[in-house]
file my_file-v2.tsv (TSV, C-alpha atoms and all ligand atoms)
chain	number	residue	atom	x	y	z
A	1	MET	CA	-29.52	-33.73	-20.57
A	2	SER	CA	-31.48	-31.93	-23.28
A	3	PRO	CA	-32.61	-28.36	-22.56
A	4	VAL	CA	-36.12	-27.86	-21.24
A	5	ARG	CA	-38.38	-26.51	-23.98
A	6	LEU	CA	-40.80	-23.91	-22.69
A	7	THR	CA	-44.06	-23.19	-24.39
A	8	PRO	CA	-44.54	-19.50	-25.32
A	9	ALA	CA	-46.99	-19.21	-22.41
A	10	GLN	CA	-44.47	-20.68	-19.95
A	11	ALA	CA	-41.69	-18.39	-21.22
A	12	ARG	CA	-44.04	-15.38	-20.88
A	13	ALA	CA	-44.97	-16.38	-17.32
A	14	LEU	CA	-41.29	-16.73	-16.41
A	15	ASN	CA	-40.48	-13.37	-17.93
A	16	ASP	CA	-43.42	-11.74	-16.13
A	17	ASP	CA	-42.25	-13.25	-12.86
A	18	TYR	CA	-38.76	-11.75	-13.28
A	19	LEU	CA	-40.19	-8.37	-14.28
A	20	ALA	CA	-42.43	-8.40	-11.19
A	21	ARG	CA	-39.44	-9.33	-9.03
A	22	MET	CA	-37.40	-6.45	-10.45
A	23	ARG	CA	-40.13	-4.09	-9.25
A	24	GLN	CA	-39.99	-5.53	-5.71
A	25	CYS	CA	-36.28	-5.04	-5.05
A	26	VAL	CA	-35.12	-4.08	-1.57
A	27	PRO	CA	-31.71	-2.92	-0.35
A	28	TRP	CA	-29.09	-5.66	-0.02
A	29	SER	CA	-27.69	-6.38	3.41
A	30	PRO	CA	-25.04	-9.02	4.21
A	31	ALA	CA	-27.30	-9.97	7.15
A	32	VAL	CA	-30.38	-10.65	5.00
A	33	ALA	CA	-32.20	-13.91	5.73
A	34	TRP	CA	-32.17	-16.57	3.03
A	35	ALA	CA	-35.38	-17.04	1.06
A	36	PRO	CA	-36.02	-18.93	-2.18
A	37	LYS	CA	-36.58	-15.69	-4.11
A	38	LEU	CA	-34.52	-12.63	-3.20
A	39	ASN	CA	-34.66	-9.35	-5.11
A	40	PHE	CA	-32.14	-6.59	-4.43
A	41	ILE	CA	-31.46	-3.05	-5.52
A	42	GLY	CA	-28.21	-3.37	-7.44
A	43	ASP	CA	-26.83	-0.02	-6.25
A	44	THR	CA	-26.85	-1.28	-2.66
A	45	TYR	CA	-24.69	-4.35	-3.41
A	46	GLU	CA	-21.27	-3.37	-2.08
A	47	VAL	CA	-18.47	-5.92	-2.19
A	48	LEU	CA	-14.77	-5.72	-1.40
A	49	GLU	CA	-12.58	-5.37	-4.48
A	50	LEU	CA	-9.21	-6.71	-3.44
A	51	PHE	CA	-7.36	-5.44	-6.51
A	52	ALA	CA	-8.43	-1.89	-7.28
A	53	GLY	CA	-9.12	-0.84	-10.84
A	54	VAL	CA	-9.89	-4.26	-12.38
A	55	VAL	CA	-12.51	-3.61	-15.06
A	56	ALA	CA	-15.65	-5.72	-14.71
A	57	SER	CA	-16.61	-7.92	-17.66
A	58	ASP	CA	-19.13	-10.61	-18.49
A	59	ALA	CA	-16.84	-12.21	-21.10
A	60	PRO	CA	-15.70	-15.80	-20.46
A	61	VAL	CA	-12.82	-15.86	-17.96
A	62	HIS	CA	-10.28	-17.09	-20.54
A	63	LEU	CA	-11.21	-14.33	-23.00
A	64	LEU	CA	-10.72	-11.40	-20.64
A	65	GLU	CA	-8.55	-8.55	-21.88
A	66	PRO	CA	-5.62	-6.99	-19.99
A	67	GLY	CA	-7.04	-4.70	-17.30
A	68	GLN	CA	-9.92	-7.12	-16.67
A	69	PHE	CA	-7.98	-9.59	-14.52
A	70	VAL	CA	-4.97	-10.03	-12.26
A	71	ASP	CA	-3.12	-13.35	-12.48
A	72	SER	CA	-0.85	-14.86	-9.83
A	73	PRO	CA	2.85	-14.92	-10.84
A	74	ASN	CA	2.78	-18.46	-12.26
A	75	ARG	CA	-0.77	-18.05	-13.59
A	76	ARG	CA	-2.25	-20.68	-11.29
A	77	PHE	CA	-4.92	-18.21	-10.14
A	78	ARG	CA	-6.93	-15.45	-11.78
A	79	TYR	CA	-8.76	-12.68	-9.96
A	80	CYS	CA	-11.43	-10.97	-12.03
A	81	VAL	CA	-14.60	-8.98	-11.52
A	82	ARG	CA	-17.67	-10.51	-13.13
A	83	LEU	CA	-20.24	-8.13	-14.50
A	84	HIS	CA	-23.58	-9.59	-13.53
A	85	ARG	CA	-26.49	-8.27	-15.55
A	86	ALA	CA	-29.74	-6.87	-14.19
A	87	GLY	CA	-32.57	-9.38	-13.94
A	88	GLN	CA	-30.38	-12.46	-14.47
A	89	PRO	CA	-30.90	-15.04	-11.72
A	90	LEU	CA	-28.00	-16.13	-9.54
A	91	LEU	CA	-28.39	-19.40	-7.66
A	92	THR	CA	-28.53	-19.57	-3.89
A	93	TRP	CA	-28.69	-22.62	-1.64
A	94	TRP	CA	-29.85	-23.34	1.86
A	95	GLY	CA	-29.54	-26.93	2.99
A	96	ALA	CA	-31.49	-28.96	0.48
A	97	GLU	CA	-33.25	-25.88	-0.89
A	98	VAL	CA	-32.24	-23.93	-3.99
A	99	GLY	CA	-33.24	-20.37	-4.72
A	100	THR	CA	-32.42	-17.38	-6.88
A	101	VAL	CA	-31.34	-13.80	-6.39
A	102	ILE	CA	-31.87	-11.03	-8.90
A	103	PHE	CA	-30.77	-7.41	-8.98
A	104	ASP	CA	-32.57	-4.51	-10.61
A	105	SER	CA	-29.33	-3.21	-12.17
A	106	ASP	CA	-25.94	-4.60	-13.19
A	107	VAL	CA	-23.68	-5.50	-10.26
A	108	ILE	CA	-20.05	-6.54	-9.92
A	109	ILE	CA	-18.94	-9.84	-8.42
A	110	PRO	CA	-15.23	-10.32	-7.68
A	111	ALA	CA	-14.15	-13.92	-8.27
A	112	LEU	CA	-11.13	-16.20	-7.96
A	113	TYR	CA	-10.45	-18.95	-10.49
A	114	GLN	CA	-7.81	-21.67	-10.44
A	115	VAL	CA	-6.14	-23.14	-13.50
A	116	LYS	CA	-7.20	-26.71	-14.37
A	117	GLU	CA	-4.79	-29.34	-13.07
A	118	ILE	CA	-5.18	-31.30	-16.32
A	119	ASP	CA	-5.29	-29.67	-19.75
A	120	ASP	CA	-8.50	-30.99	-21.31
A	121	GLY	CA	-8.17	-28.93	-24.48
A	122	GLY	CA	-10.80	-26.48	-23.26
A	123	PRO	CA	-10.39	-23.13	-21.49
A	124	PRO	CA	-7.52	-23.27	-18.98
A	125	TRP	CA	-9.52	-22.07	-15.96
A	126	ASN	CA	-11.80	-24.30	-13.89
A	127	GLU	CA	-15.38	-23.53	-14.83
A	128	ALA	CA	-16.46	-22.87	-11.24
A	129	PRO	CA	-14.54	-20.25	-9.29
A	130	TRP	CA	-13.04	-21.11	-5.92
A	131	MET	CA	-14.83	-18.10	-4.57
A	132	SER	CA	-17.07	-15.36	-5.89
A	133	LEU	CA	-18.72	-12.70	-3.79
A	134	THR	CA	-22.28	-13.65	-4.67
A	135	PRO	CA	-25.16	-13.30	-2.20
A	136	GLY	CA	-25.26	-17.11	-2.13
A	137	GLU	CA	-21.63	-17.40	-0.95
A	138	ILE	CA	-22.00	-14.54	1.52
A	139	MET	CA	-25.17	-15.97	3.08
A	140	THR	CA	-23.89	-19.54	3.32
A	141	LEU	CA	-20.51	-18.64	4.88
A	142	ARG	CA	-22.28	-16.52	7.48
A	143	PRO	CA	-23.42	-19.33	9.84
A	144	GLY	CA	-19.78	-20.33	10.36
A	145	THR	CA	-18.62	-16.76	10.84
A	146	ARG	CA	-21.35	-16.19	13.43
A	147	GLN	CA	-20.19	-19.13	15.54
A	148	SER	CA	-16.58	-17.99	15.65
A	149	LYS	CA	-14.91	-16.91	18.87
A	150	GLY	CA	-11.57	-17.12	20.65
A	151	LYS	CA	-8.96	-18.85	18.51
A	152	VAL	CA	-10.43	-19.60	15.10
A	153	ILE	CA	-8.97	-21.96	12.51
A	154	ILE	CA	-10.03	-21.18	8.94
A	155	ALA	CA	-9.36	-23.84	6.32
A	156	GLY	CA	-9.28	-22.43	2.78
A	157	LEU	CA	-8.16	-18.87	2.04
A	158	GLY	CA	-9.90	-18.16	-1.29
A	159	LEU	CA	-10.62	-14.44	-1.51
A	160	GLY	CA	-10.26	-14.11	2.27
A	161	HIS	CA	-13.93	-13.17	2.58
A	162	GLN	CA	-14.64	-15.38	5.60
A	163	LEU	CA	-11.27	-14.50	7.14
A	164	ILE	CA	-12.09	-10.78	6.97
A	165	GLU	CA	-15.62	-11.25	8.32
A	166	VAL	CA	-14.40	-13.45	11.19
A	167	SER	CA	-11.75	-10.88	12.07
A	168	LYS	CA	-14.46	-8.22	12.57
A	169	ARG	CA	-15.98	-10.11	15.49
A	170	LEU	CA	-15.20	-8.85	18.97
A	171	GLN	CA	-15.37	-12.41	20.33
A	172	VAL	CA	-12.49	-13.49	18.05
A	173	LYS	CA	-9.00	-13.14	19.50
A	174	ARG	CA	-6.73	-14.75	16.91
A	175	ILE	CA	-6.99	-16.58	13.62
A	176	VAL	CA	-5.03	-19.37	11.99
A	177	VAL	CA	-5.58	-19.90	8.25
A	178	VAL	CA	-4.67	-23.24	6.71
A	179	GLU	CA	-4.35	-23.01	2.93
A	180	ILE	CA	-2.94	-25.70	0.66
A	181	ASP	CA	-1.54	-23.48	-2.08
A	182	GLN	CA	1.69	-21.56	-1.46
A	183	GLU	CA	1.32	-19.47	-4.63
A	184	LEU	CA	-2.15	-18.31	-3.61
A	185	VAL	CA	-0.90	-17.30	-0.16
A	186	ASP	CA	2.18	-15.45	-1.47
A	187	TRP	CA	0.14	-13.60	-4.07
A	188	ILE	CA	-3.19	-12.74	-2.46
A	189	LEU	CA	-2.52	-12.62	1.29
A	190	PRO	CA	-0.66	-9.28	1.10
A	191	VAL	CA	-3.81	-7.66	-0.37
A	192	ILE	CA	-6.14	-9.38	2.11
A	193	ARG	CA	-3.99	-8.76	5.20
A	194	PRO	CA	-4.76	-5.02	5.62
A	195	HIS	CA	-8.46	-5.91	5.98
A	196	VAL	CA	-7.82	-8.45	8.77
A	197	ARG	CA	-8.27	-6.94	12.22
A	198	LYS	CA	-6.88	-9.73	14.40
A	199	PRO	CA	-3.51	-11.46	14.91
A	200	LEU	CA	-3.12	-13.88	12.03
A	201	GLU	CA	-0.99	-16.95	11.41
A	202	VAL	CA	-0.97	-18.72	8.06
A	203	ILE	CA	-0.01	-22.36	7.67
A	204	VAL	CA	0.52	-23.65	4.15
A	205	GLY	CA	-0.54	-27.27	4.02
A	206	ASP	CA	-3.38	-29.72	3.61
A	207	ALA	CA	-6.04	-28.78	6.15
A	208	PHE	CA	-6.92	-32.45	6.65
A	209	GLU	CA	-3.36	-33.17	7.81
A	210	VAL	CA	-2.66	-29.89	9.63
A	211	ILE	CA	-5.90	-29.32	11.58
A	212	PRO	CA	-5.77	-32.52	13.72
A	213	LYS	CA	-2.50	-31.19	15.19
A	214	LEU	CA	-3.93	-27.76	16.10
A	215	THR	CA	-5.84	-26.40	19.06
A	216	GLY	CA	-8.63	-23.87	18.82
A	217	ASP	CA	-12.16	-22.89	19.80
A	218	ILE	CA	-13.61	-23.53	16.36
A	219	ALA	CA	-12.51	-24.64	12.89
A	220	LEU	CA	-14.34	-23.27	9.84
A	221	VAL	CA	-13.74	-25.56	6.89
A	222	ASP	CA	-14.38	-24.32	3.36
A	223	THR	CA	-12.02	-26.23	1.11
A	224	PHE	CA	-14.81	-27.62	-1.04
A	225	PRO	CA	-15.73	-26.84	-4.64
A	226	GLY	CA	-19.44	-27.56	-4.06
A	227	TYR	CA	-21.91	-26.44	-1.44
A	228	GLY	CA	-22.43	-29.11	1.25
A	229	ASP	CA	-19.74	-31.39	-0.27
A	230	GLY	CA	-17.93	-31.59	3.05
A	231	PHE	CA	-20.74	-32.91	5.19
A	232	ARG	CA	-19.16	-36.28	6.07
A	233	VAL	CA	-15.56	-35.13	5.64
A	234	VAL	CA	-15.90	-32.41	8.28
A	235	GLU	CA	-17.55	-34.87	10.66
A	236	GLN	CA	-14.57	-37.23	10.30
A	237	LEU	CA	-12.05	-34.39	10.59
A	238	ALA	CA	-13.69	-33.29	13.85
A	239	LYS	CA	-13.27	-36.81	15.27
A	240	ARG	CA	-9.53	-36.72	14.44
A	241	SER	CA	-9.03	-33.23	15.95
A	242	PRO	CA	-9.28	-33.46	19.76
A	243	GLY	CA	-7.71	-30.00	20.21
A	244	ILE	CA	-10.55	-28.17	18.47
A	245	LYS	CA	-13.77	-27.65	20.38
A	246	ARG	CA	-16.18	-27.08	17.52
A	247	PHE	CA	-16.36	-27.58	13.75
A	248	TRP	CA	-18.30	-25.94	10.97
A	249	GLY	CA	-18.10	-26.74	7.26
A	250	TRP	CA	-19.48	-24.82	4.29
A	251	GLY	CA	-23.07	-25.94	3.88
A	252	THR	CA	-22.88	-28.53	6.62
A	253	SER	CA	-24.74	-26.63	9.37
A	254	GLU	CA	-27.69	-26.03	7.05
A	255	MET	CA	-27.57	-29.66	5.85
A	256	THR	CA	-28.37	-30.90	9.35
A	257	GLY	CA	-31.54	-28.83	9.32
A	258	LEU	CA	-30.73	-27.85	12.89
A	259	ARG	CA	-29.55	-24.35	12.18
A	260	GLN	CA	-32.30	-22.96	10.00
A	261	ARG	CA	-32.76	-20.15	12.51
A	262	GLU	CA	-29.26	-18.89	11.67
A	263	ARG	CA	-30.34	-17.73	8.24
B	301	LIG	C1	-13.92	-22.29	-1.61
B	301	LIG	S1	-12.34	-21.55	-1.43
B	301	LIG	C2	-12.45	-20.73	0.14
B	301	LIG	C3	-13.17	-19.43	0.06
B	301	LIG	C4	-13.12	-18.68	1.37
B	301	LIG	N1	-14.03	-19.29	2.33
B	301	LIG	C5	-13.48	-17.22	1.23
B	301	LIG	O1	-14.27	-16.75	2.06
B	301	LIG	O2	-12.98	-16.54	0.32
B	301	LIG	C6	-11.40	-22.96	-1.08
B	301	LIG	C7	-9.94	-22.70	-0.70
B	301	LIG	O3	-9.43	-23.88	-0.08
B	301	LIG	C8	-8.16	-24.18	-0.59
B	301	LIG	N2	-8.00	-25.63	-0.41
B	301	LIG	C9	-8.48	-26.64	-1.18
B	301	LIG	N3	-8.20	-27.83	-0.65
B	301	LIG	C10	-7.53	-27.59	0.51
B	301	LIG	C11	-6.97	-28.41	1.53
B	301	LIG	N4	-7.07	-29.74	1.46
B	301	LIG	N5	-6.36	-27.82	2.57
B	301	LIG	C12	-6.27	-26.47	2.67
B	301	LIG	N6	-6.77	-25.64	1.72
B	301	LIG	C13	-7.40	-26.17	0.66
B	301	LIG	C14	-8.18	-23.69	-2.02
B	301	LIG	O4	-6.88	-23.48	-2.53
B	301	LIG	C15	-9.00	-22.40	-1.87
B	301	LIG	O5	-8.19	-21.31	-1.55

call {"tool": "encode", "arguments": {"input": "my_file-v2.tsv", "output": "structure tokens"}}
result
Amino acid sequence: MSPVRLTPAQARALNDDYLARMRQCVPWSPAVAWAPKLNFIGDTYEVLELFAGVVASDAPVHLLEPGQFVDSPNRRFRYCVRLHRAGQPLLTWWGAEVGTVIFDSDVIIPALYQVKEIDDGGPPWNEAPWMSLTPGEIMTLRPGTRQSKGKVIIAGLGLGHQLIEVSKRLQVKRIVVVEIDQELVDWILPVIRPHVRKPLEVIVGDAFEVIPKLTGDIALVDTFPGYGDGFRVVEQLAKRSPGIKRFWGWGTSEMTGLRQRER
């Protein structure tokens, strides 16, 4: 697809729109409702840095310097802290809708990348991170977190963001994480664990094989690279999992259009 060519007037209008948005910034809150255009004060954007002291950078992930990343022992995973520049839009999604978030100053966004399974001659890391603590990720994981109670199954560890948020809920009694990658668990779980406030069991395995054998009040499934990818897959998994009362998948509750109020 060729890039869209803007006329000077269109480019000016776009620039003016971003400048106006930067003047309308409000404090960030993890509970903020989704809207197509969100504008936040960068200084209020606080995120958990799992590995202390990693220097934020906006360089490509494969060009980061020592001190700007932490790799897992066999270099299958890279944790780094992206430096996101003031005024640059970040995408957000809500069901079929797409929006943007901007900040009025630079912010940091911790992220987790996995090495490509097949060497394609390009940079070794997958282009899209498994997880990054963007407003978009935080807002779209929230509907699942808010439904969690009792015994909660979480499929997909990532940066442990949803695990930590679920563990803060009074209604949650215990958590079982199902994660496919042993190296990720061995490497990152010890730094996530101190933030988890509930009894925790971790099962290393394919969630789509493990979950049907489990019991629980709810399963939160976020094993997907793309938002809403799991719509049908989660539906089928629920049918094969009689021991689990309720299912939620990343993006799937918004896709139904039934849960718009949970923004
Ligand atoms: C999008 S990330 C999860 C991010 C997580 N929700 C968070 O809050 O940080 C997806 C995770 O699922 C794992 N995964 C992928 N496929 C899986 C599968 N079939 N079964 C279990 N885990 C899987 C990946 O290794 C990765 O850790």

call {"tool": "closest_residue", "arguments": {"input": "my_file-v2.tsv", "among": "A:Thr140, A:Gln147, A:Gln236, A:Thr215", "to": "ligand LIG 301 (chain B)", "atoms": "all atoms listed in the file"}}
result
A:Thr140

call {"tool": "residues_near_ligand", "arguments": {"input": "my_file-v2.tsv", "ligand": "ligand LIG 301 (chain B)", "cutoff": "6 Å", "atoms": "all atoms listed in the file", "output": "list in words"}}
result
Trp130, Met131, Ala155, Gly156, Leu157, Gly158, Leu159, Gly160, His161, Gln162, Val178, Glu179, Ile180, Asp181, Gly205, Asp206, Ala207, Phe208, Asp222, Thr223, Phe224 and Pro225 of chain A

call {"tool": "closest_residue", "arguments": {"input": "my_file-v2.tsv", "among": "A:Arg78, A:Arg197, A:His62, A:Lys149", "to": "Pro110 of chain A", "atoms": "only C-alpha atoms"}}
result
A:Arg78

call {"tool": "residues_around", "arguments": {"input": "my_file-v2.tsv", "residues": "Ala35 of chain A", "least_positions_apart": "6", "cutoff": "12 Å", "atoms": "all atoms listed in the file", "output": "list of chain:residue names"}}
result
A:Leu91, A:Thr92, A:Trp93, A:Trp94, A:Gly95, A:Glu97, A:Val98, A:Gly99, A:Thr100, A:Val101, A:Pro135, A:Gly136, A:Met139, A:Thr140, A:Gln260, A:Arg263

call {"tool": "atom_distance", "arguments": {"input": "my_file-v2.tsv", "atom1": "atom CA of Val166 of chain A", "atom2": "atom CA of Val191 of chain A"}}
result
16.7 Å

call {"tool": "atom_distance", "arguments": {"input": "my_file-v2.tsv", "atom1": "atom CA of Asn15 of chain A", "atom2": "atom CA of Val61 of chain A"}}
result
27.8 Å

call {"tool": "build_atoms", "arguments": {"input": "my_file-v2.tsv", "residues": "segment 134-155 of chain A", "atoms": "N, CA, C and O atoms", "output": "PDB file, in the frame of the given file"}}
result
ATOM      1  N   THR A 134     -20.840 -13.658  -4.360  1.00  0.00           N
ATOM      2  CA  THR A 134     -22.280 -13.650  -4.670  1.00  0.00           C
ATOM      3  C   THR A 134     -23.068 -13.620  -3.359  1.00  0.00           C
ATOM      4  O   THR A 134     -22.559 -14.036  -2.315  1.00  0.00           O
ATOM      5  N   PRO A 135     -24.335 -13.202  -3.410  1.00  0.00           N
ATOM      6  CA  PRO A 135     -25.160 -13.300  -2.200  1.00  0.00           C
ATOM      7  C   PRO A 135     -25.185 -14.726  -1.659  1.00  0.00           C
ATOM      8  O   PRO A 135     -25.166 -14.939  -0.445  1.00  0.00           O
ATOM      9  N   GLY A 136     -25.216 -15.711  -2.565  1.00  0.00           N
ATOM     10  CA  GLY A 136     -25.260 -17.110  -2.130  1.00  0.00           C
ATOM     11  C   GLY A 136     -24.061 -17.472  -1.264  1.00  0.00           C
ATOM     12  O   GLY A 136     -24.194 -18.113  -0.211  1.00  0.00           O
ATOM     13  N   GLU A 137     -22.854 -17.091  -1.719  1.00  0.00           N
ATOM     14  CA  GLU A 137     -21.630 -17.400  -0.950  1.00  0.00           C
ATOM     15  C   GLU A 137     -21.649 -16.638   0.378  1.00  0.00           C
ATOM     16  O   GLU A 137     -21.304 -17.192   1.428  1.00  0.00           O
ATOM     17  N   ILE A 138     -22.033 -15.376   0.308  1.00  0.00           N
ATOM     18  CA  ILE A 138     -22.000 -14.540   1.520  1.00  0.00           C
ATOM     19  C   ILE A 138     -22.974 -15.099   2.568  1.00  0.00           C
ATOM     20  O   ILE A 138     -22.640 -15.226   3.748  1.00  0.00           O
ATOM     21  N   MET A 139     -24.173 -15.466   2.122  1.00  0.00           N
ATOM     22  CA  MET A 139     -25.170 -15.970   3.080  1.00  0.00           C
ATOM     23  C   MET A 139     -24.777 -17.328   3.654  1.00  0.00           C
ATOM     24  O   MET A 139     -25.037 -17.602   4.819  1.00  0.00           O
ATOM     25  N   THR A 140     -24.161 -18.181   2.841  1.00  0.00           N
ATOM     26  CA  THR A 140     -23.890 -19.540   3.320  1.00  0.00           C
ATOM     27  C   THR A 140     -22.596 -19.631   4.133  1.00  0.00           C
ATOM     28  O   THR A 140     -22.411 -20.596   4.881  1.00  0.00           O
ATOM     29  N   LEU A 141     -21.697 -18.661   4.012  1.00  0.00           N
ATOM     30  CA  LEU A 141     -20.510 -18.640   4.880  1.00  0.00           C
ATOM     31  C   LEU A 141     -20.844 -18.034   6.236  1.00  0.00           C
ATOM     32  O   LEU A 141     -20.151 -18.260   7.228  1.00  0.00           O
ATOM     33  N   ARG A 142     -21.909 -17.268   6.270  1.00  0.00           N
ATOM     34  CA  ARG A 142     -22.280 -16.520   7.480  1.00  0.00           C
ATOM     35  C   ARG A 142     -22.519 -17.380   8.724  1.00  0.00           C
ATOM     36  O   ARG A 142     -22.053 -17.007   9.811  1.00  0.00           O
ATOM     37  N   PRO A 143     -23.193 -18.535   8.624  1.00  0.00           N
ATOM     38  CA  PRO A 143     -23.420 -19.330   9.840  1.00  0.00           C
ATOM     39  C   PRO A 143     -22.119 -19.727  10.533  1.00  0.00           C
ATOM     40  O   PRO A 143     -22.063 -19.758  11.764  1.00  0.00           O
ATOM     41  N   GLY A 144     -21.072 -19.993   9.761  1.00  0.00           N
ATOM     42  CA  GLY A 144     -19.780 -20.330  10.360  1.00  0.00           C
ATOM     43  C   GLY A 144     -19.163 -19.110  11.022  1.00  0.00           C
ATOM     44  O   GLY A 144     -18.676 -19.177  12.154  1.00  0.00           O
ATOM     45  N   THR A 145     -19.196 -18.006  10.310  1.00  0.00           N
ATOM     46  CA  THR A 145     -18.620 -16.760  10.840  1.00  0.00           C
ATOM     47  C   THR A 145     -19.282 -16.414  12.170  1.00  0.00           C
ATOM     48  O   THR A 145     -18.614 -16.034  13.135  1.00  0.00           O
ATOM     49  N   ARG A 146     -20.603 -16.581  12.227  1.00  0.00           N
ATOM     50  CA  ARG A 146     -21.350 -16.190  13.430  1.00  0.00           C
ATOM     51  C   ARG A 146     -21.060 -17.066  14.647  1.00  0.00           C
ATOM     52  O   ARG A 146     -21.337 -16.665  15.764  1.00  0.00           O
ATOM     53  N   GLN A 147     -20.521 -18.256  14.403  1.00  0.00           N
ATOM     54  CA  GLN A 147     -20.190 -19.130  15.540  1.00  0.00           C
ATOM     55  C   GLN A 147     -18.776 -18.888  16.043  1.00  0.00           C
ATOM     56  O   GLN A 147     -18.366 -19.457  17.038  1.00  0.00           O
ATOM     57  N   SER A 148     -18.004 -18.060  15.342  1.00  0.00           N
ATOM     58  CA  SER A 148     -16.580 -17.990  15.650  1.00  0.00           C
ATOM     59  C   SER A 148     -16.289 -17.136  16.869  1.00  0.00           C
ATOM     60  O   SER A 148     -16.881 -16.076  17.070  1.00  0.00           O
ATOM     61  N   LYS A 149     -15.347 -17.633  17.671  1.00  0.00           N
ATOM     62  CA  LYS A 149     -14.910 -16.910  18.870  1.00  0.00           C
ATOM     63  C   LYS A 149     -13.555 -17.456  19.307  1.00  0.00           C
ATOM     64  O   LYS A 149     -13.171 -18.559  18.904  1.00  0.00           O
ATOM     65  N   GLY A 150     -12.859 -16.675  20.119  1.00  0.00           N
ATOM     66  CA  GLY A 150     -11.570 -17.120  20.650  1.00  0.00           C
ATOM     67  C   GLY A 150     -10.551 -17.336  19.551  1.00  0.00           C
ATOM     68  O   GLY A 150     -10.329 -16.466  18.703  1.00  0.00           O
ATOM     69  N   LYS A 151      -9.945 -18.510  19.552  1.00  0.00           N
ATOM     70  CA  LYS A 151      -8.960 -18.850  18.510  1.00  0.00           C
ATOM     71  C   LYS A 151      -9.684 -19.611  17.398  1.00  0.00           C
ATOM     72  O   LYS A 151     -10.248 -20.681  17.640  1.00  0.00           O
ATOM     73  N   VAL A 152      -9.657 -19.035  16.224  1.00  0.00           N
ATOM     74  CA  VAL A 152     -10.430 -19.600  15.100  1.00  0.00           C
ATOM     75  C   VAL A 152      -9.477 -20.137  14.037  1.00  0.00           C
ATOM     76  O   VAL A 152      -8.555 -19.438  13.611  1.00  0.00           O
ATOM     77  N   ILE A 153      -9.726 -21.366  13.621  1.00  0.00           N
ATOM     78  CA  ILE A 153      -8.970 -21.960  12.510  1.00  0.00           C
ATOM     79  C   ILE A 153      -9.844 -21.826  11.266  1.00  0.00           C
ATOM     80  O   ILE A 153     -11.025 -22.204  11.288  1.00  0.00           O
ATOM     81  N   ILE A 154      -9.277 -21.283  10.197  1.00  0.00           N
ATOM     82  CA  ILE A 154     -10.030 -21.180   8.940  1.00  0.00           C
ATOM     83  C   ILE A 154      -9.303 -22.001   7.890  1.00  0.00           C
ATOM     84  O   ILE A 154      -8.135 -21.728   7.588  1.00  0.00           O
ATOM     85  N   ALA A 155      -9.974 -23.010   7.357  1.00  0.00           N
ATOM     86  CA  ALA A 155      -9.360 -23.840   6.320  1.00  0.00           C
ATOM     87  C   ALA A 155      -9.863 -23.376   4.963  1.00  0.00           C
ATOM     88  O   ALA A 155     -11.066 -23.422   4.702  1.00  0.00           O
TER      89      ALA A 155
END
